[in-house]
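Structure data follow from target_13.cif (mmCIF, C-alpha atoms and all ligand atoms):
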```
data_query
loop_
_atom_site.group_PDB
_atom_site.id
_atom_site.type_symbol
_atom_site.label_atom_id
_atom_site.label_comp_id
_atom_site.auth_asym_id
_atom_site.auth_seq_id
_atom_site.Cartn_x
_atom_site.Cartn_y
_atom_site.Cartn_z
ATOM 1 C CA MET O 1 37.696 -23.208 32.906
ATOM 2 C CA ILE O 2 35.871 -22.496 29.652
ATOM 3 C CA MET O 3 35.551 -25.584 27.438
ATOM 4 C CA THR O 4 34.478 -23.790 24.300
ATOM 5 C CA THR O 5 32.271 -26.364 22.632
ATOM 6 C CA THR O 6 33.175 -26.697 19.014
ATOM 7 C CA SER O 7 32.196 -30.291 18.355
ATOM 8 C CA SER O 8 28.697 -31.423 19.195
ATOM 9 C CA HIS O 9 29.480 -34.598 21.110
ATOM 10 C CA ALA O 10 31.243 -32.399 23.643
ATOM 11 C CA PHE O 11 27.752 -31.551 24.969
ATOM 12 C CA GLN O 12 27.276 -34.910 26.688
ATOM 13 C CA PRO O 13 30.160 -34.575 29.165
ATOM 14 C CA VAL O 14 29.102 -30.991 29.897
ATOM 15 C CA LEU O 15 25.569 -32.134 30.753
ATOM 16 C CA GLU O 16 26.891 -34.931 32.940
ATOM 17 C CA ARG O 17 29.190 -32.588 34.768
ATOM 18 C CA ILE O 18 26.340 -30.153 35.436
ATOM 19 C CA ALA O 19 24.077 -32.939 36.760
ATOM 20 C CA GLU O 20 26.880 -34.150 38.990
ATOM 21 C CA GLU O 21 27.488 -30.669 40.372
ATOM 22 C CA LEU O 22 23.794 -30.168 41.051
ATOM 23 C CA GLU O 23 23.639 -33.423 43.015
ATOM 24 C CA HIS O 24 25.758 -31.700 45.635
ATOM 25 C CA THR O 25 23.792 -28.461 45.645
ATOM 26 C CA PRO O 26 21.432 -28.165 48.596
ATOM 27 C CA GLY O 27 18.141 -26.284 48.319
ATOM 28 C CA ARG O 28 16.044 -26.770 45.224
ATOM 29 C CA GLY O 29 13.166 -24.393 45.980
ATOM 30 C CA ARG O 30 9.508 -25.397 46.230
ATOM 31 C CA PRO O 31 7.135 -26.683 43.540
ATOM 32 C CA ALA O 32 4.302 -24.305 42.625
ATOM 33 C CA ASP O 33 1.265 -25.010 44.773
ATOM 34 C CA TYR O 34 -1.253 -22.501 43.445
ATOM 35 C CA ILE O 35 -2.128 -25.136 40.818
ATOM 36 C CA PRO O 36 -2.662 -28.125 43.164
ATOM 37 C CA ALA O 37 -1.837 -30.732 40.502
ATOM 38 C CA LEU O 38 1.737 -29.348 40.268
ATOM 39 C CA ALA O 39 2.483 -29.393 43.994
ATOM 40 C CA ALA O 40 3.188 -33.126 44.201
ATOM 41 C CA ARG O 41 6.365 -33.122 42.056
ATOM 42 C CA ASP O 42 9.659 -34.050 43.741
ATOM 43 C CA PRO O 43 11.926 -30.967 43.887
ATOM 44 C CA ARG O 44 14.979 -33.250 43.499
ATOM 45 C CA SER O 45 13.901 -34.306 39.989
ATOM 46 C CA PHE O 46 16.257 -32.891 37.376
ATOM 47 C CA GLY O 47 16.606 -33.262 33.625
ATOM 48 C CA MET O 48 18.418 -31.352 30.906
ATOM 49 C CA ALA O 49 18.559 -31.723 27.116
ATOM 50 C CA VAL O 50 20.417 -29.984 24.304
ATOM 51 C CA ALA O 51 19.171 -30.241 20.715
ATOM 52 C CA GLU O 52 21.365 -29.419 17.783
ATOM 53 C CA LEU O 53 19.937 -27.812 14.671
ATOM 54 C CA ASP O 54 19.863 -31.148 12.818
ATOM 55 C CA GLY O 55 17.702 -32.757 15.533
ATOM 56 C CA THR O 56 20.443 -34.602 17.419
ATOM 57 C CA VAL O 57 19.577 -34.502 21.137
ATOM 58 C CA TYR O 58 21.798 -35.000 24.176
ATOM 59 C CA GLY O 59 20.390 -35.414 27.661
ATOM 60 C CA VAL O 60 20.993 -36.176 31.286
ATOM 61 C CA GLY O 61 18.898 -37.138 34.332
ATOM 62 C CA ASP O 62 15.113 -37.038 33.882
ATOM 63 C CA TRP O 63 15.373 -35.586 30.394
ATOM 64 C CA ARG O 64 12.757 -37.937 28.961
ATOM 65 C CA GLU O 65 10.290 -37.506 31.855
ATOM 66 C CA PRO O 66 7.199 -35.441 30.895
ATOM 67 C CA PHE O 67 6.407 -32.420 33.070
ATOM 68 C CA SER O 68 3.864 -29.603 32.979
ATOM 69 C CA THR O 69 5.069 -27.015 30.480
ATOM 70 C CA GLN O 70 2.850 -24.113 31.684
ATOM 71 C CA SER O 71 4.204 -20.699 30.623
ATOM 72 C CA ILE O 72 6.800 -22.181 28.286
ATOM 73 C CA THR O 73 3.860 -22.662 25.910
ATOM 74 C CA LYS O 74 3.561 -18.882 25.552
ATOM 75 C CA VAL O 75 6.580 -18.865 23.248
ATOM 76 C CA PHE O 76 4.913 -21.212 20.779
ATOM 77 C CA THR O 77 1.546 -19.463 20.653
ATOM 78 C CA LEU O 78 3.359 -16.154 20.190
ATOM 79 C CA ALA O 79 5.333 -17.585 17.258
ATOM 80 C CA LEU O 80 2.204 -19.114 15.694
ATOM 81 C CA GLU O 81 0.185 -15.911 15.976
ATOM 82 C CA LEU O 82 3.037 -13.622 14.916
ATOM 83 C CA SER O 83 3.600 -15.757 11.829
ATOM 84 C CA ARG O 84 -0.019 -15.245 10.793
ATOM 85 C CA GLU O 85 -0.749 -11.736 11.980
ATOM 86 C CA GLY O 86 2.582 -9.943 11.701
ATOM 87 C CA ASP O 87 3.207 -6.569 13.296
ATOM 88 C CA THR O 88 -0.402 -5.598 14.067
ATOM 89 C CA LEU O 89 -0.195 -8.075 16.958
ATOM 90 C CA TRP O 90 1.951 -5.507 18.758
ATOM 91 C CA GLU O 91 -0.977 -3.064 18.820
ATOM 92 C CA HIS O 92 -2.709 -5.469 21.215
ATOM 93 C CA VAL O 93 0.188 -6.604 23.367
ATOM 94 C CA GLY O 94 3.432 -4.785 24.181
ATOM 95 C CA ARG O 95 6.990 -6.035 24.280
ATOM 96 C CA GLU O 96 8.485 -4.398 27.347
ATOM 97 C CA PRO O 97 9.392 -6.090 30.630
ATOM 98 C CA SER O 98 6.582 -5.633 33.128
ATOM 99 C CA GLY O 99 8.457 -5.264 36.411
ATOM 100 C CA ASN O 100 5.377 -6.847 37.993
ATOM 101 C CA PRO O 101 4.412 -10.445 38.867
ATOM 102 C CA PHE O 102 3.250 -12.584 35.947
ATOM 103 C CA ASN O 103 -0.372 -12.498 37.016
ATOM 104 C CA SER O 104 -0.632 -8.852 38.094
ATOM 105 C CA LEU O 105 -3.786 -6.852 37.400
ATOM 106 C CA VAL O 106 -2.452 -3.455 38.447
ATOM 107 C CA GLN O 107 -0.541 -2.406 35.337
ATOM 108 C CA LEU O 108 -3.394 -3.331 33.014
ATOM 109 C CA GLU O 109 -5.593 -0.555 34.287
ATOM 110 C CA TYR O 110 -2.939 2.128 33.861
ATOM 111 C CA GLU O 111 -2.240 0.871 30.360
ATOM 112 C CA ASN O 112 -5.814 0.586 29.095
ATOM 113 C CA GLY O 113 -6.034 -3.180 28.886
ATOM 114 C CA ILE O 114 -2.904 -3.593 26.706
ATOM 115 C CA PRO O 115 -0.617 -6.070 28.497
ATOM 116 C CA ARG O 116 3.064 -5.244 28.732
ATOM 117 C CA ASN O 117 4.315 -8.346 26.923
ATOM 118 C CA PRO O 118 3.178 -11.755 25.597
ATOM 119 C CA PHE O 119 4.824 -13.714 28.421
ATOM 120 C CA ILE O 120 2.862 -12.380 31.373
ATOM 121 C CA ASN O 121 -0.493 -14.104 31.712
ATOM 122 C CA ALA O 122 -2.503 -11.145 30.414
ATOM 123 C CA GLY O 123 -0.349 -10.939 27.287
ATOM 124 C CA ALA O 124 -0.537 -14.672 26.679
ATOM 125 C CA LEU O 125 -4.316 -14.540 27.012
ATOM 126 C CA VAL O 126 -4.414 -11.867 24.287
ATOM 127 C CA VAL O 127 -2.183 -13.962 22.004
ATOM 128 C CA THR O 128 -4.222 -17.146 22.532
ATOM 129 C CA ASP O 129 -7.439 -15.189 22.003
ATOM 130 C CA ARG O 130 -6.201 -13.868 18.648
ATOM 131 C CA LEU O 131 -4.888 -17.273 17.606
ATOM 132 C CA HIS O 132 -8.240 -18.807 18.487
ATOM 133 C CA THR O 133 -10.125 -16.207 16.446
ATOM 134 C CA ARG O 134 -7.878 -16.927 13.481
ATOM 135 C CA THR O 135 -7.884 -20.743 13.681
ATOM 136 C CA ASP O 136 -11.002 -21.652 15.678
ATOM 137 C CA ASP O 137 -8.798 -24.088 17.615
ATOM 138 C CA ALA O 138 -5.825 -22.355 19.245
ATOM 139 C CA ALA O 139 -4.991 -25.277 21.530
ATOM 140 C CA GLY O 140 -5.249 -27.759 18.650
ATOM 141 C CA GLU O 141 -2.967 -25.642 16.415
ATOM 142 C CA PHE O 142 -0.483 -25.347 19.232
ATOM 143 C CA LEU O 143 -0.510 -29.096 19.953
ATOM 144 C CA ALA O 144 -0.098 -30.013 16.267
ATOM 145 C CA PHE O 145 2.873 -27.652 16.020
ATOM 146 C CA LEU O 146 4.563 -29.079 19.126
ATOM 147 C CA ARG O 147 4.034 -32.657 17.928
ATOM 148 C CA ALA O 148 5.485 -31.867 14.519
ATOM 149 C CA GLU O 149 8.526 -29.961 15.802
ATOM 150 C CA SER O 150 9.355 -32.453 18.569
ATOM 151 C CA GLY O 151 8.706 -35.471 16.338
ATOM 152 C CA ASN O 152 6.623 -36.890 19.196
ATOM 153 C CA PRO O 153 3.027 -37.625 18.105
ATOM 154 C CA ARG O 154 2.130 -38.748 21.650
ATOM 155 C CA LEU O 155 2.407 -35.270 23.164
ATOM 156 C CA ALA O 156 -0.899 -34.451 24.869
ATOM 157 C CA PHE O 157 -2.644 -32.101 27.231
ATOM 158 C CA ASP O 158 -2.950 -33.213 30.850
ATOM 159 C CA GLU O 159 -6.669 -32.880 31.483
ATOM 160 C CA GLU O 160 -6.179 -33.188 35.260
ATOM 161 C CA VAL O 161 -3.801 -30.208 35.306
ATOM 162 C CA ALA O 162 -6.130 -28.191 33.049
ATOM 163 C CA ALA O 163 -9.102 -28.969 35.303
ATOM 164 C CA SER O 164 -7.070 -28.148 38.402
ATOM 165 C CA GLU O 165 -6.073 -24.795 36.965
ATOM 166 C CA SER O 166 -9.580 -24.071 35.785
ATOM 167 C CA ALA O 167 -10.903 -24.738 39.284
ATOM 168 C CA HIS O 168 -8.384 -22.254 40.707
ATOM 169 C CA GLY O 169 -8.359 -19.836 37.760
ATOM 170 C CA ASP O 170 -10.079 -16.787 39.224
ATOM 171 C CA ARG O 171 -7.133 -14.488 38.634
ATOM 172 C CA ASN O 172 -6.736 -15.429 34.974
ATOM 173 C CA ALA O 173 -10.489 -15.041 34.580
ATOM 174 C CA ALA O 174 -10.245 -11.578 36.132
ATOM 175 C CA LEU O 175 -7.436 -10.610 33.745
ATOM 176 C CA ALA O 176 -9.407 -11.817 30.732
ATOM 177 C CA HIS O 177 -12.643 -10.079 31.772
ATOM 178 C CA PHE O 178 -10.764 -6.885 32.507
ATOM 179 C CA MET O 179 -9.134 -6.851 29.063
ATOM 180 C CA ALA O 180 -12.478 -7.731 27.470
ATOM 181 C CA SER O 181 -13.879 -4.572 29.052
ATOM 182 C CA TYR O 182 -11.291 -2.640 27.009
ATOM 183 C CA GLY O 183 -12.195 -4.538 23.824
ATOM 184 C CA ASN O 184 -8.870 -6.383 23.782
ATOM 185 C CA ILE O 185 -10.387 -9.901 23.937
ATOM 186 C CA GLY O 186 -12.554 -11.135 21.073
ATOM 187 C CA ASN O 187 -13.820 -14.539 22.247
ATOM 188 C CA PRO O 188 -16.163 -15.232 25.175
ATOM 189 C CA VAL O 189 -13.952 -15.373 28.275
ATOM 190 C CA PRO O 190 -14.902 -18.982 29.238
ATOM 191 C CA VAL O 191 -13.955 -20.147 25.728
ATOM 192 C CA LEU O 192 -10.610 -18.341 25.921
ATOM 193 C CA LEU O 193 -9.821 -19.690 29.398
ATOM 194 C CA ASP O 194 -10.545 -23.235 28.277
ATOM 195 C CA GLN O 195 -8.102 -22.819 25.373
ATOM 196 C CA TYR O 196 -5.464 -21.197 27.575
ATOM 197 C CA PHE O 197 -5.631 -23.740 30.425
ATOM 198 C CA ARG O 198 -5.396 -26.653 27.979
ATOM 199 C CA GLN O 199 -2.426 -25.028 26.263
ATOM 200 C CA CYS O 200 -0.650 -24.560 29.625
ATOM 201 C CA SER O 201 -1.369 -28.165 30.650
ATOM 202 C CA LEU O 202 0.750 -29.673 27.865
ATOM 203 C CA SER O 203 2.913 -32.435 29.254
ATOM 204 C CA ALA O 204 6.301 -32.752 27.525
ATOM 205 C CA SER O 205 9.868 -33.741 28.332
ATOM 206 C CA CYS O 206 13.120 -31.791 28.089
ATOM 207 C CA ALA O 207 13.916 -33.720 24.887
ATOM 208 C CA ASP O 208 10.536 -32.806 23.355
ATOM 209 C CA LEU O 209 10.848 -29.136 24.244
ATOM 210 C CA ALA O 210 14.483 -28.705 23.217
ATOM 211 C CA LEU O 211 13.537 -30.088 19.785
ATOM 212 C CA ALA O 212 10.318 -28.075 19.551
ATOM 213 C CA THR O 213 12.221 -24.848 20.260
ATOM 214 C CA SER O 214 14.771 -25.464 17.500
ATOM 215 C CA PHE O 215 12.954 -23.277 14.958
ATOM 216 C CA LEU O 216 14.095 -20.286 17.037
ATOM 217 C CA ALA O 217 17.744 -21.348 16.769
ATOM 218 C CA ARG O 218 17.230 -21.995 13.018
ATOM 219 C CA HIS O 219 16.104 -18.375 12.539
ATOM 220 C CA GLY O 220 12.462 -19.340 11.937
ATOM 221 C CA ILE O 221 12.843 -22.595 9.965
ATOM 222 C CA ARG O 222 10.742 -25.568 11.092
ATOM 223 C CA ALA O 223 11.878 -29.170 11.433
ATOM 224 C CA ASP O 224 10.530 -30.016 7.956
ATOM 225 C CA GLY O 225 12.525 -27.183 6.361
ATOM 226 C CA THR O 226 9.549 -24.833 5.827
ATOM 227 C CA ARG O 227 9.617 -21.350 7.292
ATOM 228 C CA LEU O 228 7.359 -20.381 10.228
ATOM 229 C CA LEU O 229 8.865 -16.976 11.036
ATOM 230 C CA THR O 230 10.908 -14.549 9.025
ATOM 231 C CA ARG O 231 14.473 -14.240 10.231
ATOM 232 C CA SER O 232 13.548 -10.883 11.691
ATOM 233 C CA GLN O 233 10.512 -12.307 13.541
ATOM 234 C CA ALA O 234 12.643 -15.112 14.995
ATOM 235 C CA LYS O 235 15.025 -12.446 16.263
ATOM 236 C CA GLN O 236 12.072 -10.572 17.768
ATOM 237 C CA VAL O 237 10.741 -13.630 19.631
ATOM 238 C CA ASN O 238 14.220 -14.393 20.963
ATOM 239 C CA ALA O 239 14.609 -10.773 22.061
ATOM 240 C CA VAL O 240 11.301 -10.795 23.942
ATOM 241 C CA MET O 241 12.349 -14.059 25.610
ATOM 242 C CA LEU O 242 15.602 -12.468 26.729
ATOM 243 C CA THR O 243 13.924 -9.372 28.169
ATOM 244 C CA CYS O 244 10.627 -10.823 29.447
ATOM 245 C CA GLY O 245 10.919 -14.639 29.525
ATOM 246 C CA THR O 246 11.762 -15.371 33.136
ATOM 247 C CA TYR O 247 9.126 -13.426 35.071
ATOM 248 C CA ASP O 248 10.401 -10.555 37.140
ATOM 249 C CA ALA O 249 13.955 -11.933 37.070
ATOM 250 C CA ALA O 250 14.824 -11.500 33.381
ATOM 251 C CA GLY O 251 17.691 -9.148 34.206
ATOM 252 C CA ASP O 252 19.263 -11.642 36.579
ATOM 253 C CA PHE O 253 18.690 -14.496 34.100
ATOM 254 C CA ALA O 254 20.378 -12.494 31.301
ATOM 255 C CA TYR O 255 23.251 -11.700 33.659
ATOM 256 C CA ARG O 256 23.747 -15.300 34.757
ATOM 257 C CA VAL O 257 22.814 -17.254 31.630
ATOM 258 C CA GLY O 258 23.089 -14.802 28.735
ATOM 259 C CA LEU O 259 20.545 -16.546 26.506
ATOM 260 C CA PRO O 260 16.927 -15.979 25.463
ATOM 261 C CA GLY O 261 14.902 -18.196 27.801
ATOM 262 C CA LYS O 262 11.348 -18.885 28.915
ATOM 263 C CA SER O 263 10.380 -20.507 32.173
ATOM 264 C CA GLY O 264 7.143 -22.008 33.471
ATOM 265 C CA VAL O 265 5.797 -22.710 36.935
ATOM 266 C CA GLY O 266 6.061 -26.454 36.214
ATOM 267 C CA GLY O 267 9.824 -25.944 36.673
ATOM 268 C CA GLY O 268 10.891 -26.075 33.024
ATOM 269 C CA ILE O 269 13.025 -23.520 31.180
ATOM 270 C CA ILE O 270 13.759 -23.456 27.439
ATOM 271 C CA ALA O 271 16.726 -21.489 26.091
ATOM 272 C CA VAL O 272 18.080 -20.677 22.644
ATOM 273 C CA VAL O 273 21.612 -20.320 21.311
ATOM 274 C CA PRO O 274 20.740 -18.776 17.914
ATOM 275 C CA GLY O 275 22.397 -20.558 15.018
ATOM 276 C CA ARG O 276 23.714 -23.320 17.272
ATOM 277 C CA CYS O 277 21.390 -25.265 19.591
ATOM 278 C CA THR O 278 18.453 -25.167 21.993
ATOM 279 C CA LEU O 279 18.185 -26.321 25.590
ATOM 280 C CA CYS O 280 15.491 -27.406 27.978
ATOM 281 C CA VAL O 281 16.043 -27.979 31.658
ATOM 282 C CA TRP O 282 13.569 -29.115 34.306
ATOM 283 C CA GLY O 283 13.604 -29.050 38.091
ATOM 284 C CA PRO O 284 10.196 -28.555 39.800
ATOM 285 C CA GLY O 285 11.465 -26.517 42.777
ATOM 286 C CA LEU O 286 10.986 -22.790 42.157
ATOM 287 C CA ASP O 287 12.617 -19.691 43.608
ATOM 288 C CA GLU O 288 10.562 -16.784 44.944
ATOM 289 C CA ARG O 289 10.295 -15.265 41.446
ATOM 290 C CA GLY O 290 8.824 -18.496 39.987
ATOM 291 C CA ASN O 291 11.898 -19.806 38.122
ATOM 292 C CA SER O 292 13.326 -23.297 38.582
ATOM 293 C CA VAL O 293 16.236 -23.133 41.030
ATOM 294 C CA ALA O 294 18.046 -26.098 39.461
ATOM 295 C CA GLY O 295 17.107 -24.930 35.965
ATOM 296 C CA VAL O 296 18.678 -21.486 36.257
ATOM 297 C CA ALA O 297 21.747 -22.932 37.984
ATOM 298 C CA ALA O 298 22.185 -25.558 35.241
ATOM 299 C CA LEU O 299 21.861 -23.046 32.394
ATOM 300 C CA ASP O 300 24.260 -20.712 34.187
ATOM 301 C CA ARG O 301 26.810 -23.550 34.356
ATOM 302 C CA PHE O 302 26.163 -24.568 30.721
ATOM 303 C CA THR O 303 26.951 -21.133 29.295
ATOM 304 C CA THR O 304 29.918 -20.730 31.638
ATOM 305 C CA LEU O 305 31.396 -24.129 30.760
ATOM 306 C CA THR O 306 30.809 -23.918 27.000
ATOM 307 C CA GLY O 307 31.176 -20.184 26.380
ATOM 308 C CA LEU O 308 27.947 -20.363 24.321
ATOM 309 C CA SER O 309 25.869 -17.232 24.875
ATOM 310 C CA VAL O 310 24.496 -14.360 22.815
ATOM 311 C CA PHE O 311 26.997 -12.018 24.469
HETATM 312 N N1 LIG J 1 -1.011 -21.693 33.644
HETATM 313 C C1 LIG J 1 -0.287 -20.867 34.542
HETATM 314 C C2 LIG J 1 -1.099 -19.657 34.926
HETATM 315 O O1 LIG J 1 -1.740 -19.102 34.091
HETATM 316 C C3 LIG J 1 0.995 -20.484 33.862
HETATM 317 C C4 LIG J 1 1.862 -19.735 34.780
HETATM 318 C C5 LIG J 1 3.293 -19.846 34.480
HETATM 319 O O2 LIG J 1 3.827 -20.913 34.162
HETATM 320 O O3 LIG J 1 3.906 -18.780 34.545
HETATM 321 O O4 LIG J 1 -1.123 -19.250 36.054
#
```

As structure tokens, how would this structure be written, given the file I've shared?
Amino acid sequence: MIMTTTSSHAFQPVLERIAEELEHTPGRGRPADYIPALAARDPRSFGMAVAELDGTVYGVGDWREPFSTQSITKVFTLALELSREGDTLWEHVGREPSGNPFNSLVQLEYENGIPRNPFINAGALVVTDRLHTRTDDAAGEFLAFLRAESGNPRLAFDEEVAASESAHGDRNAALAHFMASYGNIGNPVPVLLDQYFRQCSLSASCADLALATSFLARHGIRADGTRLLTRSQAKQVNAVMLTCGTYDAAGDFAYRVGLPGKSGVGGGIIAVVPGRCTLCVWGPGLDERGNSVAGVAALDRFTTLTGLSVF
């Protein structure tokens, strides 16, 4: 049954129905353990929020519980850097799916230190590096933006998660050094890694992230009515999310969910219905590709039940 959602308050029963269905779904995957501070989360946790363009938010389950945002943050640094730099950014990072794991080194050598897209780690490191060069405080710019868009001034980095990742960050360090050898990183690698790990450690809830993503559903307009991205740039960011936002499973995510989305190894996924609403879902158990099992299932059900999708 498709309950095409025309009035906004119809979202609440849809969210409750999805949570109820998931209660009966066995198998939630496993939390990421390569960052030890993430491994302790309960895979049965589940939250989901929908934000309308005017800032009204609906939620279910653990939708106000903060979790580690990780790669979801790559969307926001991309938007911030693209808004300042414009198209020359694409000379330093591509916009094609990688077909490789998010932290792969292999492709970088074939492609002369230019990462495939801004949502694999190498690409995000390039974006954060350029944002840091431009602002002298990439993580601070990012945090100020998230606080403003979510309306939550208490949003903060989780220093324990950042330290945990830093202590186990050899692969990201290798990626950054390798790209530096091609001249595609401008800051000293330790400075860049510190910025990147703090960015990834942001702790935020589904409600915070659904609201913070709204500028992408408003075609580039921020919560205060000012413009961050041109309409065309907002389209571009959404397009890269659709094709590259869910690791090496973006094709399956597009098939099942049909929305631009970005996942993180903390178990969160943000998604955009352009011109209509934004979503954030969280379940810490991941599948073998690194996406939240409950998160993908919930978004799949949301677009099926409401008929809201870009297709
Ligand atoms: N901070 C994580 C890393 O760089 C982010 C990974 C992710 O969420 O995809 O490994």

(request) Evaluate the PyMOL selection byres (((chain O and resi 220) around 8) and not hetatm) on the structure here and hand back the selected residues as a PyMOL selection string. (result) chain O and resi 215-219+221-222+227-231+233-234

(request) Go through O:Gly94, O:Gly123, O:Pro31, O:Gly290 and flag the residue nearest O:Ala250, using all atoms listed in the file for the distances. (result) O:Gly290

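Closest approach to ligand LIG 1 (chain J) among O:Phe178, O:Phe11, O:Tyr196, O:Tyr110: O:Tyr196, based on only C-alpha atoms and all ligand atoms.
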
(request) Give me, please, the distance in Å between atom CA of O:Tyr182 and atom CA of O:Glu91, quoted to one decimal. (result) 13.2 Å

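With distances restricted to only C-alpha atoms, O:Ala298 is the closest residue to O:Glu20 from O:Ala298, O:Lys262, O:Gly183, O:Leu308.
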
(message) Once the PyMOL selection byres (((not hetatm)) within 9 of (chain J and resi 1)) is applied to the coordinates I shared, what remains selected? I want it as a ChimeraX atom specification.
(response) /O:34-35,68-74,102-103,119-122,124-125,162,165,169,171-172,196-201,246-247,263-268,290-291

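For the pair atom CA of O:Phe157 and atom CA of O:Gly140, the separation is 10.0 Å.
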
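Among the candidates O:Trp63, O:Asp87, O:Ser104, O:Val57, the residue lying nearest to O:Ser232 is O:Asp87 (atoms considered: only C-alpha atoms).
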
(message) Please expand the PyMOL selection byres (((chain O and resi 279) around 8) and not hetatm) into the concrete residues it hits in this file, giving the result as number ranges by chain.
(response) O: 48-51, 206, 209-210, 270-272, 277-278, 280-281

(request) Show me as a PyMOL selection string the residues that reach within 7 Å of (8.2, -35.6, 22.3), counting only C-alpha atoms and using the file's own coordinates. (result) chain O and resi 147+150-155+204-205+207-208

How would the residues just chosen look if you wrote them out with C-alpha atoms as an mmCIF file, keeping the file's coordinate frame?
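Writing done, so here's out.cif:
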```
data_model
loop_
_atom_site.group_PDB
_atom_site.id
_atom_site.type_symbol
_atom_site.label_atom_id
_atom_site.label_comp_id
_atom_site.auth_asym_id
_atom_site.auth_seq_id
_atom_site.Cartn_x
_atom_site.Cartn_y
_atom_site.Cartn_z
ATOM 1 C CA ARG O 147 4.034 -32.657 17.928
ATOM 2 C CA SER O 150 9.355 -32.453 18.569
ATOM 3 C CA GLY O 151 8.706 -35.471 16.338
ATOM 4 C CA ASN O 152 6.623 -36.890 19.196
ATOM 5 C CA PRO O 153 3.027 -37.625 18.105
ATOM 6 C CA ARG O 154 2.130 -38.748 21.650
ATOM 7 C CA LEU O 155 2.407 -35.270 23.164
ATOM 8 C CA ALA O 204 6.301 -32.752 27.525
ATOM 9 C CA SER O 205 9.868 -33.741 28.332
ATOM 10 C CA ALA O 207 13.916 -33.720 24.887
ATOM 11 C CA ASP O 208 10.536 -32.806 23.355
#
```

(message) Counting only C-alpha atoms, which residue out of O:Leu305, O:Val257, O:Leu286, O:Ile114 sits closest to O:Pro43?
(response) O:Leu286

Stretch 147-164 of chain O: axis-aligned bounding box, 8 Å on each side, centre and edge lengths in Å, one decimal, as lines of an AutoDock Vina configuration file:
```
center_x = 0.1
center_y = -33.4
center_z = 26.5
size_x = 34.5
size_y = 26.6
size_z = 39.9
```

(message) Give me the residues near O:Thr128 as a list of chain:residue names, where near means some atom within 10 Å (using only C-alpha atoms) and where sequence neighbours in that chain fewer than 2 positions away do not count.
(response) O:Lys74, O:Thr77, O:Leu78, O:Leu80, O:Glu81, O:Pro118, O:Gly123, O:Ala124, O:Leu125, O:Val126, O:Arg130, O:Leu131, O:His132, O:Thr133, O:Arg134, O:Asp137, O:Ala138, O:Ala139, O:Phe142, O:Ile185, O:Asn187, O:Leu192, O:Leu193, O:Gln195, O:Tyr196, O:Gln199

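In this structure, atom CA of O:Met179 sits 22.1 Å away from atom CA of O:Arg84.
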
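Each of O:Cys244, O:Arg276, O:Asp224, O:Asp136 was compared to O:Val191 using all atoms listed in the file, and O:Asp136 turns out to be the nearest.
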
(request) For O:Pro36, please output as a PyMOL selection string all residues within 9 Å (counting all atoms listed in the file; exclusion window: fewer than 2 positions along the same chain). (result) chain O and resi 32-34+38-40+161+164-165+168
